[in-house]
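Colleague: Structure below; questions to follow.
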Amino acid sequence: MTTLTDRLADLASGVLLDAAQIVGVSHLPAGFVRVKLAAEAFRKAAWAPGTKLQIRAQRGRMALRTYTPVDWDPARGEVDLIGFTHAGGPGAEWFRRVAVGDTCQVLGPRRSIGLRDLAGAVVFVGDESSVALARALHSVTSNASYVFEAGDPAGLVQLLAGLGIAERAVVVTKAADRTELLRQAREVAVVGPRVLVVTGDAATVHAVRRDSRKWAHAPVQVKGKAYWAEGRTGLD
């Protein structure tokens, strides 16, 4: 039964959010899906790599799920998103069931992690939730090295190859102690000062930022953002 709260959420979303239509869906390796959205609002939006777009993933609720566009075509009014369907929550469920012809409601683009002001070489550390940001970074600079932790390293390598990132990426198995992830990050950062971009699991973001202070060449700039944390929702 539709409750008053549900109806109010639907009414508010119609005022605050923009309508978009799904015009393309591609299933990628390792449980990822690429979705192309079209909206008149995308033609007018001021977008830069690293900005975020939020999707209302459930009717009857105003909760939004945040994604980094990997491509934005203002002339066609189209945006490409990549989502990981093996994650929990309404966002992953939306990517699992989305189909061409569906409609959704969106908010953005909005500022998140700016990538155009990065100066020099970049060390990028993340996980499955960081793939879209990594692809956005790749569109800005070729002077970046990527270190990922993943539940399915081979599958993620296959996905990164399709996105043109695999040659500069190392993927390790996700582990609670993060020993191998931290070692690989230190290894790619060994030559000269670097910019550090770290996103994904909140515990990993904290561990990498703390460890980077002990690098032989500490990063000259750090951009970090937790996308998720075990047992928590709504970090962004």
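Going through the structure tokens in order, the chains are called A, B, and so on, while each chain numbers its residues from 1 and the ligands are numbered from 1 in the order shown.
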Please extract the residues of chain A with a backbone DSSP assignment of strand (DSSP E or B) and present them as a PDB file with N, CA, C and O atoms, in the first residue's frame.
Modeller:
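The resulting file, part08.pdb, is reproduced below:
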ATOM      1  N   ASP A  18      15.526  15.931 -11.973  1.00  0.00           N
ATOM      2  CA  ASP A  18      15.301  15.925 -13.420  1.00  0.00           C
ATOM      3  C   ASP A  18      14.966  14.514 -13.889  1.00  0.00           C
ATOM      4  O   ASP A  18      15.476  13.524 -13.349  1.00  0.00           O
ATOM      5  N   ALA A  19      14.131  14.415 -14.909  1.00  0.00           N
ATOM      6  CA  ALA A  19      13.774  13.123 -15.484  1.00  0.00           C
ATOM      7  C   ALA A  19      14.794  12.725 -16.543  1.00  0.00           C
ATOM      8  O   ALA A  19      15.288  13.561 -17.303  1.00  0.00           O
ATOM      9  N   ALA A  20      15.145  11.452 -16.571  1.00  0.00           N
ATOM     10  CA  ALA A  20      16.071  10.914 -17.571  1.00  0.00           C
ATOM     11  C   ALA A  20      15.541   9.582 -18.074  1.00  0.00           C
ATOM     12  O   ALA A  20      14.799   8.887 -17.373  1.00  0.00           O
ATOM     13  N   GLN A  21      15.929   9.232 -19.283  1.00  0.00           N
ATOM     14  CA  GLN A  21      15.520   7.951 -19.870  1.00  0.00           C
ATOM     15  C   GLN A  21      16.742   7.102 -20.144  1.00  0.00           C
ATOM     16  O   GLN A  21      17.796   7.601 -20.550  1.00  0.00           O
ATOM     17  N   ILE A  22      16.617   5.801 -19.922  1.00  0.00           N
ATOM     18  CA  ILE A  22      17.714   4.874 -20.207  1.00  0.00           C
ATOM     19  C   ILE A  22      17.666   4.542 -21.688  1.00  0.00           C
ATOM     20  O   ILE A  22      16.669   4.027 -22.197  1.00  0.00           O
ATOM     21  N   VAL A  23      18.762   4.845 -22.396  1.00  0.00           N
ATOM     22  CA  VAL A  23      18.824   4.612 -23.843  1.00  0.00           C
ATOM     23  C   VAL A  23      19.863   3.552 -24.207  1.00  0.00           C
ATOM     24  O   VAL A  23      20.016   3.210 -25.386  1.00  0.00           O
ATOM     25  N   GLY A  24      20.589   3.036 -23.233  1.00  0.00           N
ATOM     26  CA  GLY A  24      21.576   1.992 -23.510  1.00  0.00           C
ATOM     27  C   GLY A  24      21.969   1.261 -22.247  1.00  0.00           C
ATOM     28  O   GLY A  24      22.128   1.889 -21.196  1.00  0.00           O
ATOM     29  N   VAL A  25      22.088  -0.060 -22.331  1.00  0.00           N
ATOM     30  CA  VAL A  25      22.535  -0.889 -21.212  1.00  0.00           C
ATOM     31  C   VAL A  25      23.518  -1.925 -21.741  1.00  0.00           C
ATOM     32  O   VAL A  25      23.198  -2.659 -22.680  1.00  0.00           O
ATOM     33  N   SER A  26      24.724  -1.969 -21.164  1.00  0.00           N
ATOM     34  CA  SER A  26      25.744  -2.941 -21.573  1.00  0.00           C
ATOM     35  C   SER A  26      26.230  -3.683 -20.333  1.00  0.00           C
ATOM     36  O   SER A  26      26.622  -3.057 -19.339  1.00  0.00           O
ATOM     37  N   HIS A  27      26.226  -5.010 -20.398  1.00  0.00           N
ATOM     38  CA  HIS A  27      26.726  -5.821 -19.296  1.00  0.00           C
ATOM     39  C   HIS A  27      28.221  -6.074 -19.505  1.00  0.00           C
ATOM     40  O   HIS A  27      28.640  -6.593 -20.546  1.00  0.00           O
ATOM     41  N   LEU A  28      29.008  -5.714 -18.509  1.00  0.00           N
ATOM     42  CA  LEU A  28      30.462  -5.759 -18.576  1.00  0.00           C
ATOM     43  C   LEU A  28      30.980  -6.891 -17.690  1.00  0.00           C
ATOM     44  O   LEU A  28      30.230  -7.479 -16.910  1.00  0.00           O
ATOM     45  N   PHE A  32      29.704  -5.750 -13.595  1.00  0.00           N
ATOM     46  CA  PHE A  32      29.484  -4.328 -13.833  1.00  0.00           C
ATOM     47  C   PHE A  32      28.495  -4.134 -14.975  1.00  0.00           C
ATOM     48  O   PHE A  32      28.391  -4.964 -15.882  1.00  0.00           O
ATOM     49  N   VAL A  33      27.788  -3.018 -14.925  1.00  0.00           N
ATOM     50  CA  VAL A  33      26.840  -2.650 -15.980  1.00  0.00           C
ATOM     51  C   VAL A  33      27.083  -1.189 -16.354  1.00  0.00           C
ATOM     52  O   VAL A  33      27.242  -0.332 -15.475  1.00  0.00           O
ATOM     53  N   ARG A  34      27.119  -0.939 -17.651  1.00  0.00           N
ATOM     54  CA  ARG A  34      27.242   0.441 -18.146  1.00  0.00           C
ATOM     55  C   ARG A  34      25.883   0.885 -18.665  1.00  0.00           C
ATOM     56  O   ARG A  34      25.263   0.185 -19.471  1.00  0.00           O
ATOM     57  N   VAL A  35      25.422   2.036 -18.176  1.00  0.00           N
ATOM     58  CA  VAL A  35      24.099   2.537 -18.516  1.00  0.00           C
ATOM     59  C   VAL A  35      24.236   3.925 -19.138  1.00  0.00           C
ATOM     60  O   VAL A  35      24.957   4.777 -18.604  1.00  0.00           O
ATOM     61  N   LYS A  36      23.553   4.131 -20.244  1.00  0.00           N
ATOM     62  CA  LYS A  36      23.534   5.444 -20.892  1.00  0.00           C
ATOM     63  C   LYS A  36      22.184   6.097 -20.606  1.00  0.00           C
ATOM     64  O   LYS A  36      21.129   5.517 -20.896  1.00  0.00           O
ATOM     65  N   LEU A  37      22.222   7.291 -20.034  1.00  0.00           N
ATOM     66  CA  LEU A  37      21.026   8.064 -19.722  1.00  0.00           C
ATOM     67  C   LEU A  37      20.925   9.255 -20.667  1.00  0.00           C
ATOM     68  O   LEU A  37      21.949   9.841 -21.037  1.00  0.00           O
ATOM     69  N   ALA A  38      19.712   9.630 -21.019  1.00  0.00           N
ATOM     70  CA  ALA A  38      19.479  10.805 -21.857  1.00  0.00           C
ATOM     71  C   ALA A  38      18.498  11.729 -21.147  1.00  0.00           C
ATOM     72  O   ALA A  38      17.493  11.278 -20.591  1.00  0.00           O
ATOM     73  N   LYS A  52      29.835  14.359  -9.751  1.00  0.00           N
ATOM     74  CA  LYS A  52      28.959  13.231  -9.461  1.00  0.00           C
ATOM     75  C   LYS A  52      27.550  13.481  -9.972  1.00  0.00           C
ATOM     76  O   LYS A  52      27.096  14.621 -10.111  1.00  0.00           O
ATOM     77  N   LEU A  53      26.862  12.390 -10.256  1.00  0.00           N
ATOM     78  CA  LEU A  53      25.453  12.418 -10.617  1.00  0.00           C
ATOM     79  C   LEU A  53      24.729  11.481  -9.656  1.00  0.00           C
ATOM     80  O   LEU A  53      25.197  10.367  -9.393  1.00  0.00           O
ATOM     81  N   GLN A  54      23.609  11.927  -9.111  1.00  0.00           N
ATOM     82  CA  GLN A  54      22.869  11.114  -8.142  1.00  0.00           C
ATOM     83  C   GLN A  54      21.560  10.620  -8.753  1.00  0.00           C
ATOM     84  O   GLN A  54      20.862  11.366  -9.444  1.00  0.00           O
ATOM     85  N   ILE A  55      21.252   9.363  -8.484  1.00  0.00           N
ATOM     86  CA  ILE A  55      20.057   8.715  -9.015  1.00  0.00           C
ATOM     87  C   ILE A  55      19.110   8.373  -7.876  1.00  0.00           C
ATOM     88  O   ILE A  55      19.540   7.855  -6.835  1.00  0.00           O
ATOM     89  N   ARG A  56      17.850   8.636  -8.084  1.00  0.00           N
ATOM     90  CA  ARG A  56      16.829   8.163  -7.144  1.00  0.00           C
ATOM     91  C   ARG A  56      16.503   6.726  -7.536  1.00  0.00           C
ATOM     92  O   ARG A  56      15.857   6.465  -8.537  1.00  0.00           O
ATOM     93  N   LEU A  64      19.101   9.039  -2.443  1.00  0.00           N
ATOM     94  CA  LEU A  64      19.806   9.084  -3.718  1.00  0.00           C
ATOM     95  C   LEU A  64      21.076   8.254  -3.642  1.00  0.00           C
ATOM     96  O   LEU A  64      21.713   8.162  -2.598  1.00  0.00           O
ATOM     97  N   ARG A  65      21.467   7.666  -4.773  1.00  0.00           N
ATOM     98  CA  ARG A  65      22.716   6.922  -4.873  1.00  0.00           C
ATOM     99  C   ARG A  65      23.628   7.651  -5.850  1.00  0.00           C
ATOM    100  O   ARG A  65      23.189   8.095  -6.910  1.00  0.00           O
ATOM    101  N   THR A  66      24.911   7.751  -5.499  1.00  0.00           N
ATOM    102  CA  THR A  66      25.843   8.622  -6.193  1.00  0.00           C
ATOM    103  C   THR A  66      26.775   7.839  -7.108  1.00  0.00           C
ATOM    104  O   THR A  66      27.343   6.818  -6.698  1.00  0.00           O
ATOM    105  N   TYR A  67      26.982   8.365  -8.326  1.00  0.00           N
ATOM    106  CA  TYR A  67      27.860   7.731  -9.312  1.00  0.00           C
ATOM    107  C   TYR A  67      28.671   8.800 -10.040  1.00  0.00           C
ATOM    108  O   TYR A  67      28.233   9.941 -10.173  1.00  0.00           O
ATOM    109  N   ASP A  71      31.376   9.360 -19.034  1.00  0.00           N
ATOM    110  CA  ASP A  71      31.305  10.111 -20.285  1.00  0.00           C
ATOM    111  C   ASP A  71      30.092  11.026 -20.217  1.00  0.00           C
ATOM    112  O   ASP A  71      29.048  10.643 -19.675  1.00  0.00           O
ATOM    113  N   TRP A  72      30.250  12.226 -20.778  1.00  0.00           N
ATOM    114  CA  TRP A  72      29.153  13.205 -20.757  1.00  0.00           C
ATOM    115  C   TRP A  72      29.130  13.892 -22.116  1.00  0.00           C
ATOM    116  O   TRP A  72      30.086  14.540 -22.504  1.00  0.00           O
ATOM    117  N   ASP A  73      28.053  13.744 -22.851  1.00  0.00           N
ATOM    118  CA  ASP A  73      27.924  14.310 -24.189  1.00  0.00           C
ATOM    119  C   ASP A  73      26.833  15.375 -24.164  1.00  0.00           C
ATOM    120  O   ASP A  73      25.643  15.066 -24.311  1.00  0.00           O
ATOM    121  N   GLU A  78      23.523  13.146 -23.270  1.00  0.00           N
ATOM    122  CA  GLU A  78      23.664  11.768 -22.813  1.00  0.00           C
ATOM    123  C   GLU A  78      24.819  11.636 -21.821  1.00  0.00           C
ATOM    124  O   GLU A  78      25.852  12.298 -21.964  1.00  0.00           O
ATOM    125  N   VAL A  79      24.627  10.751 -20.851  1.00  0.00           N
ATOM    126  CA  VAL A  79      25.615  10.498 -19.803  1.00  0.00           C
ATOM    127  C   VAL A  79      25.782   8.996 -19.642  1.00  0.00           C
ATOM    128  O   VAL A  79      24.803   8.248 -19.668  1.00  0.00           O
ATOM    129  N   ASP A  80      27.027   8.527 -19.479  1.00  0.00           N
ATOM    130  CA  ASP A  80      27.301   7.115 -19.233  1.00  0.00           C
ATOM    131  C   ASP A  80      27.719   6.908 -17.776  1.00  0.00           C
ATOM    132  O   ASP A  80      28.588   7.623 -17.263  1.00  0.00           O
ATOM    133  N   LEU A  81      27.099   5.919 -17.142  1.00  0.00           N
ATOM    134  CA  LEU A  81      27.449   5.531 -15.773  1.00  0.00           C
ATOM    135  C   LEU A  81      27.861   4.071 -15.752  1.00  0.00           C
ATOM    136  O   LEU A  81      27.415   3.276 -16.582  1.00  0.00           O
ATOM    137  N   ILE A  82      28.714   3.709 -14.793  1.00  0.00           N
ATOM    138  CA  ILE A  82      29.087   2.316 -14.574  1.00  0.00           C
ATOM    139  C   ILE A  82      28.749   1.957 -13.134  1.00  0.00           C
ATOM    140  O   ILE A  82      29.147   2.664 -12.201  1.00  0.00           O
ATOM    141  N   GLY A  83      28.026   0.859 -12.949  1.00  0.00           N
ATOM    142  CA  GLY A  83      27.653   0.420 -11.612  1.00  0.00           C
ATOM    143  C   GLY A  83      28.063  -1.023 -11.370  1.00  0.00           C
ATOM    144  O   GLY A  83      28.121  -1.831 -12.291  1.00  0.00           O
ATOM    145  N   PHE A  84      28.327  -1.338 -10.094  1.00  0.00           N
ATOM    146  CA  PHE A  84      28.750  -2.674  -9.682  1.00  0.00           C
ATOM    147  C   PHE A  84      27.546  -3.393  -9.097  1.00  0.00           C
ATOM    148  O   PHE A  84      27.036  -3.020  -8.042  1.00  0.00           O
ATOM    149  N   THR A 103      12.646   4.906 -17.217  1.00  0.00           N
ATOM    150  CA  THR A 103      12.920   6.281 -16.828  1.00  0.00           C
ATOM    151  C   THR A 103      13.399   6.308 -15.383  1.00  0.00           C
ATOM    152  O   THR A 103      13.159   5.380 -14.607  1.00  0.00           O
ATOM    153  N   CYS A 104      14.103   7.366 -15.022  1.00  0.00           N
ATOM    154  CA  CYS A 104      14.555   7.546 -13.649  1.00  0.00           C
ATOM    155  C   CYS A 104      14.650   9.033 -13.374  1.00  0.00           C
ATOM    156  O   CYS A 104      14.435   9.871 -14.264  1.00  0.00           O
ATOM    157  N   GLN A 105      14.978   9.373 -12.147  1.00  0.00           N
ATOM    158  CA  GLN A 105      15.142  10.764 -11.754  1.00  0.00           C
ATOM    159  C   GLN A 105      16.553  10.971 -11.232  1.00  0.00           C
ATOM    160  O   GLN A 105      17.097  10.117 -10.524  1.00  0.00           O
ATOM    161  N   VAL A 106      17.134  12.117 -11.592  1.00  0.00           N
ATOM    162  CA  VAL A 106      18.539  12.363 -11.283  1.00  0.00           C
ATOM    163  C   VAL A 106      18.724  13.762 -10.705  1.00  0.00           C
ATOM    164  O   VAL A 106      17.906  14.666 -10.921  1.00  0.00           O
ATOM    165  N   LEU A 107      19.840  13.928 -10.012  1.00  0.00           N
ATOM    166  CA  LEU A 107      20.258  15.215  -9.468  1.00  0.00           C
ATOM    167  C   LEU A 107      21.725  15.427  -9.828  1.00  0.00           C
ATOM    168  O   LEU A 107      22.564  14.583  -9.553  1.00  0.00           O
ATOM    169  N   GLY A 108      22.003  16.556 -10.432  1.00  0.00           N
ATOM    170  CA  GLY A 108      23.400  16.855 -10.761  1.00  0.00           C
ATOM    171  C   GLY A 108      23.580  17.226 -12.218  1.00  0.00           C
ATOM    172  O   GLY A 108      22.613  17.362 -12.946  1.00  0.00           O
ATOM    173  N   PRO A 109      24.859  17.407 -12.593  1.00  0.00           N
ATOM    174  CA  PRO A 109      26.082  17.053 -11.856  1.00  0.00           C
ATOM    175  C   PRO A 109      26.375  18.027 -10.716  1.00  0.00           C
ATOM    176  O   PRO A 109      25.999  19.188 -10.757  1.00  0.00           O
ATOM    177  N   ARG A 110      27.104  17.477  -9.726  1.00  0.00           N
ATOM    178  CA  ARG A 110      27.529  18.279  -8.580  1.00  0.00           C
ATOM    179  C   ARG A 110      28.995  17.985  -8.296  1.00  0.00           C
ATOM    180  O   ARG A 110      29.513  16.928  -8.638  1.00  0.00           O
ATOM    181  N   VAL A 122      50.056  10.817 -10.724  1.00  0.00           N
ATOM    182  CA  VAL A 122      48.976  10.491  -9.797  1.00  0.00           C
ATOM    183  C   VAL A 122      49.056   9.017  -9.407  1.00  0.00           C
ATOM    184  O   VAL A 122      49.264   8.151 -10.267  1.00  0.00           O
ATOM    185  N   VAL A 123      48.906   8.735  -8.119  1.00  0.00           N
ATOM    186  CA  VAL A 123      48.693   7.382  -7.629  1.00  0.00           C
ATOM    187  C   VAL A 123      47.207   7.281  -7.258  1.00  0.00           C
ATOM    188  O   VAL A 123      46.727   8.028  -6.400  1.00  0.00           O
ATOM    189  N   PHE A 124      46.513   6.377  -7.903  1.00  0.00           N
ATOM    190  CA  PHE A 124      45.079   6.198  -7.675  1.00  0.00           C
ATOM    191  C   PHE A 124      44.874   4.866  -6.970  1.00  0.00           C
ATOM    192  O   PHE A 124      45.326   3.823  -7.441  1.00  0.00           O
ATOM    193  N   VAL A 125      44.186   4.887  -5.830  1.00  0.00           N
ATOM    194  CA  VAL A 125      43.919   3.671  -5.069  1.00  0.00           C
ATOM    195  C   VAL A 125      42.406   3.565  -4.849  1.00  0.00           C
ATOM    196  O   VAL A 125      41.760   4.536  -4.441  1.00  0.00           O
ATOM    197  N   GLY A 126      41.849   2.368  -5.132  1.00  0.00           N
ATOM    198  CA  GLY A 126      40.411   2.220  -4.964  1.00  0.00           C
ATOM    199  C   GLY A 126      39.971   0.771  -5.022  1.00  0.00           C
ATOM    200  O   GLY A 126      40.782  -0.153  -4.904  1.00  0.00           O
ATOM    201  N   ALA A 144      49.131   8.485 -14.686  1.00  0.00           N
ATOM    202  CA  ALA A 144      48.533   7.958 -13.460  1.00  0.00           C
ATOM    203  C   ALA A 144      48.792   6.463 -13.373  1.00  0.00           C
ATOM    204  O   ALA A 144      48.798   5.760 -14.383  1.00  0.00           O
ATOM    205  N   SER A 145      49.012   5.985 -12.154  1.00  0.00           N
ATOM    206  CA  SER A 145      49.145   4.561 -11.866  1.00  0.00           C
ATOM    207  C   SER A 145      48.013   4.168 -10.930  1.00  0.00           C
ATOM    208  O   SER A 145      47.684   4.910 -10.002  1.00  0.00           O
ATOM    209  N   TYR A 146      47.432   2.995 -11.170  1.00  0.00           N
ATOM    210  CA  TYR A 146      46.222   2.587 -10.463  1.00  0.00           C
ATOM    211  C   TYR A 146      46.483   1.326  -9.646  1.00  0.00           C
ATOM    212  O   TYR A 146      47.074   0.368 -10.147  1.00  0.00           O
ATOM    213  N   VAL A 147      46.019   1.326  -8.404  1.00  0.00           N
ATOM    214  CA  VAL A 147      46.091   0.155  -7.541  1.00  0.00           C
ATOM    215  C   VAL A 147      44.687  -0.103  -7.008  1.00  0.00           C
ATOM    216  O   VAL A 147      44.092   0.766  -6.361  1.00  0.00           O
ATOM    217  N   PHE A 148      44.158  -1.288  -7.300  1.00  0.00           N
ATOM    218  CA  PHE A 148      42.806  -1.646  -6.870  1.00  0.00           C
ATOM    219  C   PHE A 148      42.847  -2.853  -5.944  1.00  0.00           C
ATOM    220  O   PHE A 148      43.666  -3.755  -6.115  1.00  0.00           O
ATOM    221  N   GLU A 149      41.901  -2.897  -4.999  1.00  0.00           N
ATOM    222  CA  GLU A 149      41.600  -4.116  -4.264  1.00  0.00           C
ATOM    223  C   GLU A 149      40.240  -4.599  -4.746  1.00  0.00           C
ATOM    224  O   GLU A 149      39.344  -3.796  -5.039  1.00  0.00           O
ATOM    225  N   ALA A 150      40.082  -5.931  -4.878  1.00  0.00           N
ATOM    226  CA  ALA A 150      38.844  -6.459  -5.441  1.00  0.00           C
ATOM    227  C   ALA A 150      38.573  -7.858  -4.937  1.00  0.00           C
ATOM    228  O   ALA A 150      39.493  -8.617  -4.642  1.00  0.00           O
ATOM    229  N   ALA A 169      47.597  -0.557 -14.314  1.00  0.00           N
ATOM    230  CA  ALA A 169      46.889  -0.918 -13.085  1.00  0.00           C
ATOM    231  C   ALA A 169      47.424  -2.201 -12.471  1.00  0.00           C
ATOM    232  O   ALA A 169      47.832  -3.124 -13.180  1.00  0.00           O
ATOM    233  N   VAL A 170      47.396  -2.256 -11.148  1.00  0.00           N
ATOM    234  CA  VAL A 170      47.663  -3.464 -10.375  1.00  0.00           C
ATOM    235  C   VAL A 170      46.400  -3.757  -9.566  1.00  0.00           C
ATOM    236  O   VAL A 170      45.845  -2.849  -8.934  1.00  0.00           O
ATOM    237  N   VAL A 171      45.955  -5.006  -9.597  1.00  0.00           N
ATOM    238  CA  VAL A 171      44.761  -5.387  -8.847  1.00  0.00           C
ATOM    239  C   VAL A 171      45.135  -6.496  -7.870  1.00  0.00           C
ATOM    240  O   VAL A 171      45.691  -7.519  -8.266  1.00  0.00           O
ATOM    241  N   VAL A 172      44.834  -6.277  -6.588  1.00  0.00           N
ATOM    242  CA  VAL A 172      45.147  -7.259  -5.555  1.00  0.00           C
ATOM    243  C   VAL A 172      43.846  -7.763  -4.937  1.00  0.00           C
ATOM    244  O   VAL A 172      42.809  -7.115  -5.015  1.00  0.00           O
ATOM    245  N   THR A 173      43.924  -8.919  -4.318  1.00  0.00           N
ATOM    246  CA  THR A 173      42.769  -9.472  -3.631  1.00  0.00           C
ATOM    247  C   THR A 173      42.475  -8.671  -2.374  1.00  0.00           C
ATOM    248  O   THR A 173      43.382  -8.371  -1.594  1.00  0.00           O
ATOM    249  N   VAL A 195      50.649  12.941  -6.554  1.00  0.00           N
ATOM    250  CA  VAL A 195      49.317  13.244  -6.061  1.00  0.00           C
ATOM    251  C   VAL A 195      48.639  11.917  -5.736  1.00  0.00           C
ATOM    252  O   VAL A 195      48.710  10.971  -6.522  1.00  0.00           O
ATOM    253  N   LEU A 196      47.999  11.824  -4.581  1.00  0.00           N
ATOM    254  CA  LEU A 196      47.290  10.618  -4.186  1.00  0.00           C
ATOM    255  C   LEU A 196      45.790  10.852  -4.287  1.00  0.00           C
ATOM    256  O   LEU A 196      45.269  11.814  -3.715  1.00  0.00           O
ATOM    257  N   VAL A 197      45.101   9.968  -5.022  1.00  0.00           N
ATOM    258  CA  VAL A 197      43.643   9.955  -5.066  1.00  0.00           C
ATOM    259  C   VAL A 197      43.212   8.597  -4.535  1.00  0.00           C
ATOM    260  O   VAL A 197      43.576   7.564  -5.096  1.00  0.00           O
ATOM    261  N   VAL A 198      42.446   8.567  -3.450  1.00  0.00           N
ATOM    262  CA  VAL A 198      42.036   7.298  -2.847  1.00  0.00           C
ATOM    263  C   VAL A 198      40.553   7.359  -2.517  1.00  0.00           C
ATOM    264  O   VAL A 198      40.080   8.294  -1.860  1.00  0.00           O
ATOM    265  N   THR A 199      39.802   6.367  -3.005  1.00  0.00           N
ATOM    266  CA  THR A 199      38.364   6.304  -2.769  1.00  0.00           C
ATOM    267  C   THR A 199      37.962   4.853  -2.517  1.00  0.00           C
ATOM    268  O   THR A 199      38.764   3.940  -2.675  1.00  0.00           O
ATOM    269  N   GLY A 200      36.681   4.664  -2.156  1.00  0.00           N
ATOM    270  CA  GLY A 200      36.170   3.313  -1.960  1.00  0.00           C
ATOM    271  C   GLY A 200      35.801   3.061  -0.515  1.00  0.00           C
ATOM    272  O   GLY A 200      35.133   3.883   0.130  1.00  0.00           O
ATOM    273  N   ASP A 201      36.223   1.913   0.004  1.00  0.00           N
ATOM    274  CA  ASP A 201      35.949   1.500   1.377  1.00  0.00           C
ATOM    275  C   ASP A 201      36.542   2.527   2.351  1.00  0.00           C
ATOM    276  O   ASP A 201      37.716   2.890   2.252  1.00  0.00           O
ATOM    277  N   GLN A 221      49.781  16.219  -2.692  1.00  0.00           N
ATOM    278  CA  GLN A 221      48.359  16.534  -2.610  1.00  0.00           C
ATOM    279  C   GLN A 221      47.590  15.234  -2.414  1.00  0.00           C
ATOM    280  O   GLN A 221      47.929  14.213  -3.014  1.00  0.00           O
ATOM    281  N   VAL A 222      46.572  15.259  -1.566  1.00  0.00           N
ATOM    282  CA  VAL A 222      45.757  14.067  -1.318  1.00  0.00           C
ATOM    283  C   VAL A 222      44.291  14.419  -1.531  1.00  0.00           C
ATOM    284  O   VAL A 222      43.783  15.394  -0.975  1.00  0.00           O
ATOM    285  N   LYS A 223      43.633  13.610  -2.363  1.00  0.00           N
ATOM    286  CA  LYS A 223      42.187  13.722  -2.551  1.00  0.00           C
ATOM    287  C   LYS A 223      41.592  12.379  -2.157  1.00  0.00           C
ATOM    288  O   LYS A 223      41.851  11.364  -2.803  1.00  0.00           O
ATOM    289  N   GLY A 224      40.836  12.355  -1.069  1.00  0.00           N
ATOM    290  CA  GLY A 224      40.270  11.109  -0.584  1.00  0.00           C
ATOM    291  C   GLY A 224      38.781  11.231  -0.327  1.00  0.00           C
ATOM    292  O   GLY A 224      38.308  12.285   0.105  1.00  0.00           O
ATOM    293  N   LYS A 225      38.058  10.147  -0.592  1.00  0.00           N
ATOM    294  CA  LYS A 225      36.612  10.153  -0.349  1.00  0.00           C
ATOM    295  C   LYS A 225      36.148   8.726  -0.110  1.00  0.00           C
ATOM    296  O   LYS A 225      36.417   7.836  -0.924  1.00  0.00           O
ATOM    297  N   ALA A 226      35.469   8.513   1.009  1.00  0.00           N
ATOM    298  CA  ALA A 226      34.895   7.201   1.305  1.00  0.00           C
ATOM    299  C   ALA A 226      33.551   7.081   0.603  1.00  0.00           C
ATOM    300  O   ALA A 226      32.665   7.905   0.812  1.00  0.00           O
ATOM    301  N   TYR A 227      33.408   6.045  -0.219  1.00  0.00           N
ATOM    302  CA  TYR A 227      32.144   5.801  -0.914  1.00  0.00           C
ATOM    303  C   TYR A 227      31.223   4.875  -0.125  1.00  0.00           C
ATOM    304  O   TYR A 227      30.012   4.908  -0.297  1.00  0.00           O
ATOM    305  N   TRP A 228      31.819   4.027   0.717  1.00  0.00           N
ATOM    306  CA  TRP A 228      31.007   3.086   1.482  1.00  0.00           C
ATOM    307  C   TRP A 228      31.790   2.609   2.698  1.00  0.00           C
ATOM    308  O   TRP A 228      33.010   2.805   2.768  1.00  0.00           O
ATOM    309  N   ALA A 229      31.071   2.033   3.651  1.00  0.00           N
ATOM    310  CA  ALA A 229      31.691   1.461   4.838  1.00  0.00           C
ATOM    311  C   ALA A 229      30.844   0.286   5.313  1.00  0.00           C
ATOM    312  O   ALA A 229      29.614   0.309   5.180  1.00  0.00           O
ATOM    313  N   ARG A 232      27.287   0.540   7.120  1.00  0.00           N
ATOM    314  CA  ARG A 232      26.774   1.907   7.057  1.00  0.00           C
ATOM    315  C   ARG A 232      26.222   2.205   5.684  1.00  0.00           C
ATOM    316  O   ARG A 232      26.627   1.591   4.685  1.00  0.00           O
TER     317      ARG A 232
END
Colleague: Excluding Gly114 (chain A) and its own-chain neighbours fewer than 4 positions away, which residues fall within 9 Å of it when counting only C-alpha atoms? Please give them as a PyMOL selection string.
Modeller: chain A and resi 48-51+118+223
Colleague: Smallest atom-to-atom distance to Gly231 (chain A): which of A:Phe42, A:Ala203, A:Leu163, A:Asp102, using only C-alpha atoms?
Modeller: A:Ala203
Colleague: What is the distance, in Å and to one decimal place, between CA of Val100 (chain A) and CA of Gly162 (chain A)?
Modeller: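 Going from CA of Val100 (chain A) over to CA of Gly162 (chain A) covers 21.9 Å.
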Colleague: Going by DSSP on the backbone, which bits of region 127-220 of chain A are alpha helix (DSSP H)? Write them as a PyMOL selection string, please.
Modeller: chain A and resi 131-138+153-162+179-188+202-212
